[in-house]
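What follows is a single structure, written as structure tokens, with notes after it.
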Amino acid sequence: KPQHAEDKKSNASNFEIENIEIKDSSLSYLNQQSAQSFVVKGVNLTIKMLEDSAVMIKGGANFHQNQDLSGNVNVESKVLLSKSTVTVKDAKLVLNVDRKGKPKIALQSLVSGEYLKQTNILHLSGVHVKLNNQDLGDLSNVKVVLDSKTFSGRYVVKNLNVQTLANVFEAKLPHVKNKDFWKHADFAFNFSGNDQHAKVSALNAKLGEMALTGSLEIPKFKPLTLSPNLDINQFTVSNFVDLKGLIFRLNQMHVTGNLAMVPKGVDGALTVTSKGALLKGIDLNKLAVNFQKFLASLANVDHIGRNFQNIRKELISLNTLNPKGQVNPNNGRETKLYNLNVRNTFAGSDIRLDHFRWQGEHFYLKGDGDTNWKAKTLD
């Protein structure tokens with residue numbers, strides 16, 4: 001709609017666009033070398049000017065790539081315009097994707113934020129995302145400085161079903177005996193960084209019975225380098241490793257290190273400490289006491305036989321399995337361990353155990369060694 005300037009000295013005309021409407025348009029792309037095609041059709045877009053410098057944007061389209069992928073996308077948002085800012089509140093995005101022979105994807109998101117024109121800064125006050133009706137949590141207080149490529153913000157998600165999320169992307173999670181382990185997860189953390197490095201701080205996470213706190217730095221993206229500084233309340237090893245029915249739980253763990261993912265494997269070092277551990281189903285301390293008595297009785301022939309029988313009974317009890325070949329972890333036997341300290345260094349496919357020490361009530365374990373997972377060697 002042309003609107004002539006009131007200033008008679010000027011012959012210029014200003015144009016005000018009240019509405020833009022695109023209906024049933026299409027766009028196609030064909031790569032002749034690979035015979036891959038991508039078609040967008042049924043494109044609908046409406047931009048309507050509202051009062052108070054506001055714009056209503058609605059749009060949608062269908063798409064498909066050969067016979068392997070198809071779907072649709074829809075957007076709806078009210079945009080407030082001013083000389084210094086562009087503001088959106090609860091902008092809606094809905095994306096549906098059908099993949100041949102793979103799980104469908106249904107993504108929904110709500111976005112609120114503003115763009116500051118003068119400083120070239122993007123603020124996102126809230127981003128909420130759902131995937132296949134699974135709540136993926138909220139981003140808040142996000143700040144992106146486009147000139148310096150820096151970013152910061154906070155992420156919170158509660159009751160996340162990690163297994164469902166993995167199924168959507170056909171990702172394989174580590175096998176866990178506890179079938180509910182991956183079904184309930186909580187995460188909350190701050191994040192910051194730029195295009196060179198990043199950091200996760202104020203981390204609070206819960207996965208199954210395991211709670212994590214601390215931070216994780218990424219000093220480099222190329223090669224990807226991780227520097228964890230994590231506290232773990234407890235970690236049940238027997239959930240991930242078959243220990244023939246034994247339950248092995250580490251308590252009050254602390255993990256620190258610096259690991260770089262390189263073409264040959266991993267470079268760096270990792271230190272793990274644990275103030276306490278419990279091994280249910282076996283009593284190594286009792287075996288150690290009987291063995292000490294046996295050694296002490298070598299000078300007395302009358303006691304050798306009796307102490308040897310005690311050791312024999314303990315060894316037999318260690319190998320007492322139920323018909324399924326499993327130890328009963330609730331048989332009243334347990335081993336308490338203290339002050340685990342392990343330090344590993346990594347060089348490609350080679351792993352060096354620099355230090356290992358673990359204290360029991362009547363014994364301790366210590367050692368070092370090397371292993372190469374590619375060459376399948378152990379020293």
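Chain lettering (A, B, ...) mirrors the order of the structure tokens, residue numbering begins at 1 for each chain separately, and ligand numbering begins at 1 in order of display.
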
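Look at stretch 350-367 of chain A: the protein and nucleic acid residues within 6 Å of it, using only C-alpha atoms and passing over chain neighbours fewer than 4 places away, are A:Asn285, A:Leu337, A:Tyr338, A:Asn339, A:Leu340, A:Asn341, A:Val342, A:Arg343, A:Asn344, A:Thr345, A:Phe346, A:Thr371, A:Asn372.
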
Take the residues that were just selected and, keeping C-alpha atoms, output them as a short mmCIF file (atom, residue, chain, number, x, y, z; two decimals), in the first residue's frame.
```
data_model
loop_
_atom_site.label_atom_id
_atom_site.label_comp_id
_atom_site.auth_asym_id
_atom_site.auth_seq_id
_atom_site.Cartn_x
_atom_site.Cartn_y
_atom_site.Cartn_z
CA ASN A 285 38.64 -60.28 55.20
CA LEU A 337 37.11 -51.91 51.43
CA TYR A 338 38.48 -48.42 52.02
CA ASN A 339 40.53 -45.69 50.34
CA LEU A 340 40.71 -46.83 46.73
CA ASN A 341 43.25 -44.84 44.72
CA VAL A 342 43.78 -45.56 41.03
CA ARG A 343 45.72 -43.52 38.49
CA ASN A 344 45.82 -44.43 34.80
CA THR A 345 47.68 -42.79 31.94
CA PHE A 346 46.57 -43.26 28.33
CA THR A 371 47.49 -53.13 28.78
CA ASN A 372 46.95 -52.52 25.08
#
```

Review point. Got a sec to tell me which of stretch 111-326 of chain A DSSP assigns to strand (DSSP E or B), as a PyMOL selection string?
Key: chain A and resi 111-116+121-131+134-145+150-160+185-193+198-207+210-220+225-236+247-262+265-280

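If you measure from each of A:Ile218, A:Leu131, A:Val176, A:Ala211 to A:Asn258 using only C-alpha atoms, the closest one turns out to be A:Ile218.
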
**Study point:** stretch 58-70 of chain A environment, 7 Å, only C-alpha atoms, sequence neighbours closer than 5 positions dropped, as a PyMOL selection string
**Key:** chain A and resi 36-47+75-77+97-100

Interface rows for stretch 37-106 of chain A against stretch 160-169 of chain A: nearest pair, Å to one decimal, 9 Å, only C-alpha atoms, as a tab-separated table:
```
residue	atom	partner	partner_atom	distance
A:Lys102	CA	A:Val168	CA	8.1
A:Pro103	CA	A:Val168	CA	5.6
A:Lys104	CA	A:Val168	CA	7.3
A:Ile105	CA	A:Val168	CA	7.2
```

Exercise for review: Would you mind telling me which residue in A:Ser201, A:Asn72, A:Ser140, A:Ser192 lies nearest to A:Leu110 when using only C-alpha atoms?
Suggested key: A:Ser140

Check your understanding: What gap, in Å, lies between atom CA of A:Ala347 and atom CA of A:Asp195?
Key -> 26.6 Å

Review point. Which residue out of A:Asp138, A:Ser53, A:Lys222, A:Leu95 has the minimum interatomic distance to A:Val111 when only C-alpha atoms are used?
Key: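 For A:Val111, the nearest of the given residues is A:Asp138.
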